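Text of the file work_24.txt, holding compact mmCIF, C-alpha atoms and all ligand atoms:
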# COMPACT_ATOMS: atom_id res chain seq x y z
CA MET H 10 0.00 0.00 0.00
CA PHE H 11 1.18 3.51 -0.77
CA VAL H 12 1.87 5.55 2.38
CA VAL H 13 3.54 8.93 2.82
CA PRO H 14 5.73 8.52 5.91
CA THR H 15 5.30 10.93 8.83
CA VAL H 16 8.31 12.52 10.52
CA ASP H 17 8.17 14.38 13.84
CA LEU H 18 10.67 17.23 13.57
CA SER H 19 10.13 18.65 17.07
CA PRO H 20 13.41 17.28 18.55
CA TYR H 21 15.23 19.51 16.03
CA LEU H 22 13.12 22.55 16.91
CA ASP H 23 11.82 23.31 20.37
CA GLY H 24 11.26 19.71 21.53
CA ASP H 25 13.50 17.37 23.50
CA PRO H 26 16.89 17.05 21.71
CA GLY H 27 17.09 13.53 23.17
CA GLY H 28 14.58 12.53 20.47
CA ARG H 29 16.90 13.45 17.62
CA PRO H 30 18.29 10.00 16.84
CA ARG H 31 14.76 8.65 16.45
CA THR H 32 13.81 11.50 14.10
CA ALA H 33 17.00 11.02 12.06
CA VAL H 34 16.23 7.31 11.63
CA ALA H 35 12.63 8.04 10.56
CA LEU H 36 13.85 10.73 8.17
CA ASP H 37 16.42 8.42 6.60
CA ALA H 38 13.75 5.76 6.03
CA ALA H 39 11.36 8.32 4.48
CA CYS H 40 14.08 9.77 2.24
CA ARG H 41 15.13 6.34 0.99
CA ALA H 42 11.63 5.03 0.45
CA LEU H 43 9.87 7.99 -1.12
CA GLY H 44 11.60 11.36 -0.70
CA PHE H 45 8.21 12.79 0.28
CA MET H 46 6.86 13.03 3.83
CA GLN H 47 4.30 14.54 6.18
CA VAL H 48 6.15 16.65 8.73
CA VAL H 49 4.60 17.22 12.15
CA GLY H 50 6.13 18.94 15.17
CA HIS H 51 7.12 21.85 12.91
CA GLY H 52 5.91 24.42 15.44
CA ILE H 53 4.23 26.73 12.93
CA ARG H 54 1.20 28.37 14.51
CA ASN H 55 -2.21 28.57 12.87
CA ARG H 56 -1.86 32.33 12.85
CA ALA H 57 1.01 32.13 10.36
CA VAL H 58 -1.00 29.77 8.14
CA THR H 59 -3.96 32.13 8.20
CA ALA H 60 -1.76 35.11 7.32
CA LEU H 61 -0.32 33.18 4.39
CA THR H 62 -3.66 31.99 3.03
CA GLU H 63 -5.19 35.45 3.38
CA ALA H 64 -2.26 36.91 1.45
CA VAL H 65 -2.54 34.24 -1.25
CA ASP H 66 -6.32 34.70 -1.60
CA ALA H 67 -6.06 38.48 -1.75
CA PHE H 68 -3.32 38.39 -4.37
CA PHE H 69 -4.93 35.93 -6.77
CA ALA H 70 -8.27 37.75 -6.49
CA LEU H 71 -6.68 40.92 -7.91
CA PRO H 72 -7.75 42.00 -11.41
CA ASP H 73 -5.68 40.43 -14.15
CA ASP H 74 -4.04 43.75 -15.08
CA ASP H 75 -2.84 44.33 -11.51
CA LYS H 76 -1.29 40.86 -11.41
CA ARG H 77 0.31 41.20 -14.84
CA ALA H 78 1.87 44.50 -13.75
CA LEU H 79 3.96 42.33 -11.39
CA VAL H 80 5.44 40.10 -14.10
CA VAL H 81 9.24 40.32 -13.79
CA THR H 82 11.12 40.17 -17.10
CA ASP H 83 14.79 40.32 -16.02
CA GLY H 84 15.16 36.53 -15.99
CA THR H 85 15.00 36.22 -12.19
CA ASN H 86 12.54 33.80 -10.59
CA ARG H 87 10.37 36.56 -9.11
CA GLY H 88 6.95 38.15 -9.37
CA TYR H 89 3.83 36.93 -11.12
CA SER H 90 3.71 33.94 -13.50
CA PRO H 91 0.40 34.00 -15.41
CA PRO H 92 -1.43 30.76 -16.27
CA ARG H 93 0.18 28.80 -19.11
CA SER H 94 3.46 30.71 -18.94
CA GLU H 95 5.46 27.81 -17.51
CA SER H 96 5.86 24.14 -18.37
CA LEU H 97 7.44 22.22 -15.52
CA SER H 98 7.97 18.99 -17.45
CA ARG H 99 10.46 20.81 -19.68
CA SER H 100 12.70 21.25 -16.62
CA LEU H 101 13.48 17.55 -16.96
CA GLY H 102 13.42 17.36 -20.74
CA VAL H 103 9.89 16.10 -21.40
CA GLU H 104 7.61 17.90 -23.86
CA GLN H 105 3.96 18.40 -22.84
CA GLY H 106 2.03 18.66 -26.10
CA THR H 107 3.27 21.56 -28.18
CA ARG H 108 2.75 24.49 -25.88
CA MET H 109 2.99 25.73 -22.33
CA ASN H 110 0.17 23.77 -20.72
CA ASP H 111 0.47 24.27 -16.98
CA PHE H 112 -2.55 26.33 -15.96
CA PHE H 113 -1.31 27.27 -12.49
CA GLU H 114 -0.56 30.91 -11.81
CA ALA H 115 2.10 31.76 -9.25
CA PHE H 116 3.72 34.56 -7.33
CA ASN H 117 7.38 34.24 -6.32
CA VAL H 118 9.53 36.01 -3.76
CA GLY H 119 13.09 35.10 -2.84
CA THR H 120 16.44 35.93 -1.29
CA ALA H 121 19.22 38.14 -2.65
CA ALA H 122 21.35 35.09 -3.55
CA ASP H 123 19.56 34.70 -6.90
CA GLY H 124 18.31 38.28 -7.16
CA PRO H 125 19.11 40.59 -10.08
CA SER H 126 22.77 41.15 -11.00
CA SER H 127 22.31 44.77 -9.93
CA GLY H 128 21.91 43.50 -6.34
CA GLY H 129 19.07 43.16 -3.83
CA ASP H 130 16.45 40.45 -3.69
CA GLY H 131 14.54 41.64 -6.76
CA ASN H 132 11.20 41.13 -5.03
CA VAL H 133 8.14 43.04 -6.19
CA TRP H 134 5.13 43.47 -3.90
CA PRO H 135 1.48 44.08 -4.66
CA ASP H 136 -0.20 47.06 -3.09
CA LEU H 137 -2.25 44.99 -0.63
CA PRO H 138 -2.41 45.76 3.10
CA GLY H 139 -0.85 42.99 5.18
CA PHE H 140 0.34 40.99 2.16
CA ARG H 141 4.06 41.49 2.58
CA GLU H 142 3.94 40.92 6.36
CA GLY H 143 1.96 37.69 5.93
CA VAL H 144 4.30 36.36 3.27
CA GLU H 145 7.49 37.36 5.11
CA THR H 146 6.24 35.76 8.33
CA TRP H 147 5.63 32.53 6.43
CA VAL H 148 9.05 32.67 4.77
CA GLY H 149 10.65 33.02 8.22
CA GLU H 150 8.77 29.98 9.50
CA ALA H 151 9.44 27.85 6.42
CA ARG H 152 13.13 28.78 6.59
CA ARG H 153 13.30 27.67 10.22
CA VAL H 154 11.74 24.32 9.28
CA ALA H 155 14.06 23.90 6.27
CA ARG H 156 17.14 24.54 8.44
CA ALA H 157 15.99 22.01 11.03
CA LEU H 158 15.37 19.51 8.25
CA THR H 159 18.82 19.91 6.70
CA THR H 160 20.44 19.45 10.11
CA ALA H 161 18.40 16.28 10.64
CA MET H 162 19.20 15.11 7.10
CA GLY H 163 22.91 15.59 7.87
CA ASP H 164 22.58 13.55 11.05
CA ALA H 165 20.77 10.85 9.10
CA LEU H 166 23.75 10.63 6.72
CA GLY H 167 26.27 10.75 9.59
CA ASP H 168 27.64 14.23 8.74
CA ARG H 169 25.54 16.92 10.39
CA ASP H 170 26.88 19.80 8.27
CA VAL H 171 26.78 18.20 4.86
CA PHE H 172 23.77 20.23 3.70
CA ARG H 173 24.42 23.26 5.89
CA ARG H 174 27.82 23.69 4.20
CA LEU H 175 26.01 24.13 0.88
CA ALA H 176 23.72 26.80 2.27
CA THR H 177 25.45 29.72 4.01
CA ASP H 178 23.54 32.42 2.11
CA PRO H 179 21.27 30.28 -0.03
CA VAL H 180 18.88 30.79 -2.87
CA GLU H 181 15.46 30.43 -1.27
CA VAL H 182 12.22 31.07 -3.12
CA LEU H 183 8.63 30.91 -1.95
CA ARG H 184 6.29 30.10 -4.81
CA MET H 185 2.63 30.64 -4.07
CA ASN H 186 0.55 28.58 -6.49
CA HIS H 187 -3.06 29.01 -7.51
CA TYR H 188 -4.92 26.45 -9.60
CA ALA H 189 -8.19 27.81 -10.93
CA LEU H 190 -9.91 27.04 -14.21
CA GLU H 191 -12.81 28.93 -15.68
CA GLU H 192 -15.97 26.87 -16.25
CA GLN H 193 -15.47 27.47 -19.97
CA ASP H 194 -12.22 25.46 -19.81
CA LEU H 195 -14.34 22.34 -19.19
CA PRO H 196 -14.17 19.65 -20.40
CA VAL H 197 -10.49 19.71 -19.51
CA ASP H 198 -8.41 19.04 -22.61
CA ALA H 199 -6.07 16.09 -22.35
CA ASP H 200 -2.89 18.15 -22.52
CA LEU H 201 -3.94 20.67 -19.93
CA THR H 202 -2.47 20.11 -16.50
CA GLY H 203 -2.33 21.95 -13.19
CA MET H 204 1.45 21.67 -12.97
CA GLY H 205 3.44 19.29 -15.16
CA GLU H 206 5.48 16.44 -13.72
CA HIS H 207 8.79 17.55 -12.26
CA THR H 208 11.26 17.10 -9.47
CA ASP H 209 12.06 20.13 -7.34
CA TYR H 210 15.41 21.65 -8.11
CA GLY H 211 17.00 22.37 -4.75
CA ILE H 212 17.93 20.65 -1.49
CA VAL H 213 14.53 20.40 0.18
CA THR H 214 11.03 21.87 -0.29
CA VAL H 215 8.64 22.79 2.53
CA LEU H 216 5.16 22.66 1.02
CA TRP H 217 1.97 24.05 2.47
CA ALA H 218 -1.10 22.90 0.54
CA ASP H 219 -4.81 23.19 1.18
CA ALA H 220 -6.96 20.06 1.49
CA VAL H 221 -8.14 20.02 -2.15
CA ALA H 222 -6.86 16.95 -4.01
CA GLY H 223 -4.66 17.39 -7.08
CA LEU H 224 -1.08 16.74 -5.99
CA GLN H 225 0.25 13.37 -7.10
CA VAL H 226 3.54 11.62 -6.39
CA LEU H 227 5.17 8.96 -8.57
CA ASP H 228 6.04 5.74 -6.75
CA GLY H 229 6.41 2.19 -8.01
CA GLY H 230 5.51 3.27 -11.55
CA GLU H 231 2.15 4.75 -10.49
CA TRP H 232 0.85 8.18 -9.60
CA HIS H 233 -0.65 8.50 -6.10
CA ASP H 234 -2.81 11.29 -4.66
CA VAL H 235 -1.30 13.10 -1.70
CA VAL H 236 -3.02 15.60 0.60
CA PRO H 237 -1.44 16.98 3.75
CA ASP H 238 -2.63 15.46 7.03
CA ASP H 239 -4.43 17.91 9.28
CA GLY H 240 -1.80 20.33 10.65
CA ALA H 241 1.07 18.67 8.77
CA LEU H 242 3.37 20.17 6.17
CA LEU H 243 4.48 18.19 3.16
CA VAL H 244 8.23 18.02 2.64
CA ASN H 245 10.04 16.65 -0.38
CA LEU H 246 13.66 16.32 -1.39
CA GLY H 247 14.99 18.09 -4.47
CA ASP H 248 17.57 17.26 -7.14
CA LEU H 249 20.54 18.69 -5.24
CA THR H 250 19.94 16.15 -2.47
CA ALA H 251 19.62 13.34 -5.02
CA ARG H 252 22.97 14.51 -6.41
CA VAL H 253 24.64 14.68 -2.97
CA THR H 254 23.42 11.17 -2.16
CA GLY H 255 23.80 9.66 -5.65
CA ASP H 256 20.09 8.71 -5.56
CA HIS H 257 20.53 6.89 -2.23
CA TRP H 258 17.75 9.38 -1.37
CA ARG H 259 15.20 10.29 -3.95
CA SER H 260 14.14 13.51 -5.61
CA THR H 261 10.53 12.54 -6.06
CA LEU H 262 8.58 13.19 -9.24
CA HIS H 263 5.30 14.95 -8.61
CA ARG H 264 2.62 16.85 -10.54
CA VAL H 265 -0.71 18.56 -9.97
CA ARG H 266 -3.80 17.33 -11.80
CA PRO H 267 -6.60 19.74 -12.63
CA PRO H 268 -8.66 19.92 -9.41
CA VAL H 269 -11.94 18.87 -11.05
CA GLU H 270 -14.43 17.00 -8.85
CA ASP H 271 -17.88 15.83 -10.02
CA GLY H 272 -17.39 17.78 -13.23
CA ARG H 273 -16.82 21.01 -11.31
CA VAL H 274 -13.63 22.96 -10.95
CA ARG H 275 -12.30 23.28 -7.44
CA ARG H 276 -9.88 26.05 -6.68
CA ARG H 277 -6.63 24.85 -5.10
CA ARG H 278 -3.79 26.72 -3.38
CA SER H 279 -0.28 25.80 -2.29
CA ALA H 280 2.94 27.51 -1.27
CA ALA H 281 6.28 25.81 -1.92
CA PHE H 282 9.37 27.07 -0.09
CA PHE H 283 12.46 25.96 -1.97
CA HIS H 284 15.70 25.77 0.03
CA ASP H 285 18.25 25.63 -2.76
CA GLY H 286 21.84 26.27 -1.56
CA ASP H 287 24.51 28.89 -2.31
CA PRO H 288 24.92 29.70 -6.03
CA ASP H 289 28.66 28.93 -6.01
CA ALA H 290 28.43 25.78 -3.89
CA VAL H 291 29.84 22.75 -5.69
CA VAL H 292 27.53 19.76 -5.44
CA GLU H 293 29.27 16.38 -5.49
CA THR H 294 28.08 12.88 -4.68
CA LEU H 295 29.12 11.46 -1.29
CA PRO H 296 30.54 7.93 -1.14
CA LEU H 297 27.36 6.41 0.31
CA PRO H 298 26.40 2.75 -0.05
CA GLY H 299 24.91 2.20 -3.50
CA ALA H 300 25.39 5.83 -4.55
CA VAL H 301 25.52 6.32 -8.32
CA PRO H 302 27.65 9.47 -8.67
CA TYR H 303 26.48 12.50 -10.62
CA ALA H 304 28.97 14.80 -12.37
CA ALA H 305 29.87 17.69 -10.06
CA THR H 306 28.00 20.92 -10.74
CA THR H 307 27.31 24.22 -9.02
CA VAL H 308 23.95 25.17 -7.58
CA ARG H 309 23.86 28.10 -10.03
CA ASP H 310 24.38 25.95 -13.15
CA HIS H 311 21.91 23.32 -12.02
CA LEU H 312 19.16 25.84 -11.24
CA ALA H 313 19.78 27.73 -14.48
CA ALA H 314 19.29 24.58 -16.59
CA LYS H 315 16.08 23.70 -14.75
CA LEU H 316 14.61 27.20 -14.92
CA ALA H 317 15.46 27.57 -18.62
CA GLY H 318 13.23 24.52 -19.11
CA SER H 319 10.26 25.48 -16.95
CA ARG H 320 10.18 29.23 -17.54
CA ASP H 321 11.67 29.65 -21.04
CA GLY H 322 10.54 26.39 -22.60
CA LYS H 323 14.10 25.22 -23.39
CA LEU H 324 14.04 21.47 -22.90
CA ASN H 325 16.61 20.55 -20.25
CA LEU H 326 18.64 17.73 -21.81
CA ASP H 327 20.75 17.26 -18.68
CA ALA H 328 18.15 15.56 -16.48
CA GLY H 329 18.35 12.04 -17.88
CA ARG H 330 17.53 10.19 -14.68
CA GLU H 331 14.34 12.16 -13.92
CA GLU H 332 13.32 12.06 -17.59
CA SER H 333 13.61 8.29 -17.86
CA ARG H 334 11.39 7.85 -14.77
CA VAL H 335 8.70 9.99 -16.42
CA ARG H 336 8.94 8.19 -19.76
CA ALA H 337 8.63 4.82 -18.03
CA VAL H 338 5.05 5.64 -16.97
CA ARG H 339 3.90 7.45 -20.14
O1 LIG H 401 0.74 22.61 -5.67
C1 LIG H 401 1.37 21.69 -5.15
O2 LIG H 401 0.90 21.00 -4.23
C2 LIG H 401 2.76 21.37 -5.61
C3 LIG H 401 3.51 22.55 -6.11
C4 LIG H 401 4.86 22.17 -6.62
O3 LIG H 401 5.17 21.04 -6.84
C5 LIG H 401 5.86 23.22 -6.84
O4 LIG H 401 5.53 24.43 -6.71
O5 LIG H 401 7.01 22.86 -7.15
FE FE H 402 7.30 20.82 -7.04
Using structure tokens, write down the structure that the file contains.
Ligand SMILES: O=C(O)CCC(=O)C(=O)O
Ligand SMILES: [Fe+2]
Amino acid sequence: MFVVPTVDLSPYLDGDPGGRPRTAVALDAACRALGFMQVVGHGIRNRAVTALTEAVDAFFALPDDDKRALVVTDGTNRGYSPPRSESLSRSLGVEQGTRMNDFFEAFNVGTAADGPSSGGDGNVWPDLPGFREGVETWVGEARRVARALTTAMGDALGDRDVFRRLATDPVEVLRMNHYALEEQDLPVDADLTGMGEHTDYGIVTVLWADAVAGLQVLDGGEWHDVVPDDGALLVNLGDLTARVTGDHWRSTLHRVRPPVEDGRVRRRRSAAFFHDGDPDAVVETLPLPGAVPYAATTVRDHLAAKLAGSRDGKLNLDAGREESRVRAVR
């Protein structure tokens, strides 16, 4: 039976540090088996969730013109992405039909590490009371959870600092996603998807999602629905961790199906916090049991190849392992 493992992170946050070995063992098992988990004991209060969801709802309810005024064109991963302007499957070299088919819209904010070459974080903000505060509070919380996770991941591999060394002043992006189709888009055409299949690009992703179904994870050659347990966050590993571990741990393929239930469109929201590492950090495979080494690369080069695929439609031909897993189930 398909199960998403649950990991209690509290010993790495404000809980009893004596519980760390147990958490590290559970994390190792989850990372080997699936690379996707439900994280409890994260310590994020409901208030922060409410502030995030209110910000997300207010932003995506803005008139189209106001949202499009926040499209960023300098090549950085910031600002508003309108529906059908990205195609995630191209980040791992797989064509989805002949056009950009992902109907999600998104709003991105991030750190200075991958901001514009002129400096700063490159963030743009809508003119909405409370929006920036709500989003920045969430980023602070997600960052705290990501740091605790990478410490625990290091312990699980027997080298506490292995991921922390890659992330002194890291690229970190929060992508708020909104999946909404107009009634006139029904019936849903076969090529249209919420978000195409992909692996995340960085070290680890902290994902808040609402309870509407749509997210699916690939395991054992089949796609499985995943919704967060009540009060849990979803966490998944990204490609940089697969590279560090030589696929001893997995960067899990996932996608979002159109949230259509009983012939009606359901609106769905999520917010993915990507903890991606320092641009100049060199990512090499550790000599772990069974590790199949990847060629060394930098965080910057890896992210650039992935983003050229998803945002600019340039098929990434350097993601052979992820691509072959997708093709195997097509
Ligand atoms: O909407 C979701 O649940 C997943 C989003 C996602 O995979 C991403 O933003 O990378
Ligand atoms: Fe993702």
Between H:Arg264, H:His257, H:Arg320, H:Arg99, which is the closest to Leu166 (chain H) once you count all atoms listed in the file?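 Ranked by minimum distance to Leu166 (chain H), first place goes to H:His257.
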Just checking: using all atoms listed in the file, which residue out of H:Ala251, H:Ala151, H:Leu183, H:Leu216 ends up closest to Tyr89 (chain H)? H:Leu183
Specify the axis-aligned box that encloses all atoms of region 311-317 of chain H listed in the file after padding of 6 Å on each side, stating its centre and edge lengths in Å to one decimal as AutoDock Vina command-line options.
--center_x 18.3 --center_y 25.5 --center_z -14.9 --size_x 19.3 --size_y 16.4 --size_z 19.4
As an exercise, work out the distance from CA of Val16 (chain H) to CA of Gln47 (chain H) in Å and give it to one decimal place.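 Atom-to-atom, CA of Val16 (chain H) to CA of Gln47 (chain H), that is 6.2 Å.
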Using all atoms listed in the file, which residues have at least one atom no more than 9 Å from ligand FE 402 (chain H)? Output them as JSON, numbers by chain. {"H": [97, 204, 206, 207, 208, 209, 210, 214, 216, 245, 247, 261, 262, 263, 264, 265, 281, 283]}
For a cut-off of 9 Å around (7.3, 27.2, -16.9), file coordinates, pick out all residues using all atoms listed in the file and list them as number ranges by chain. H: 90, 93-100, 109-111, 204-205, 316-322
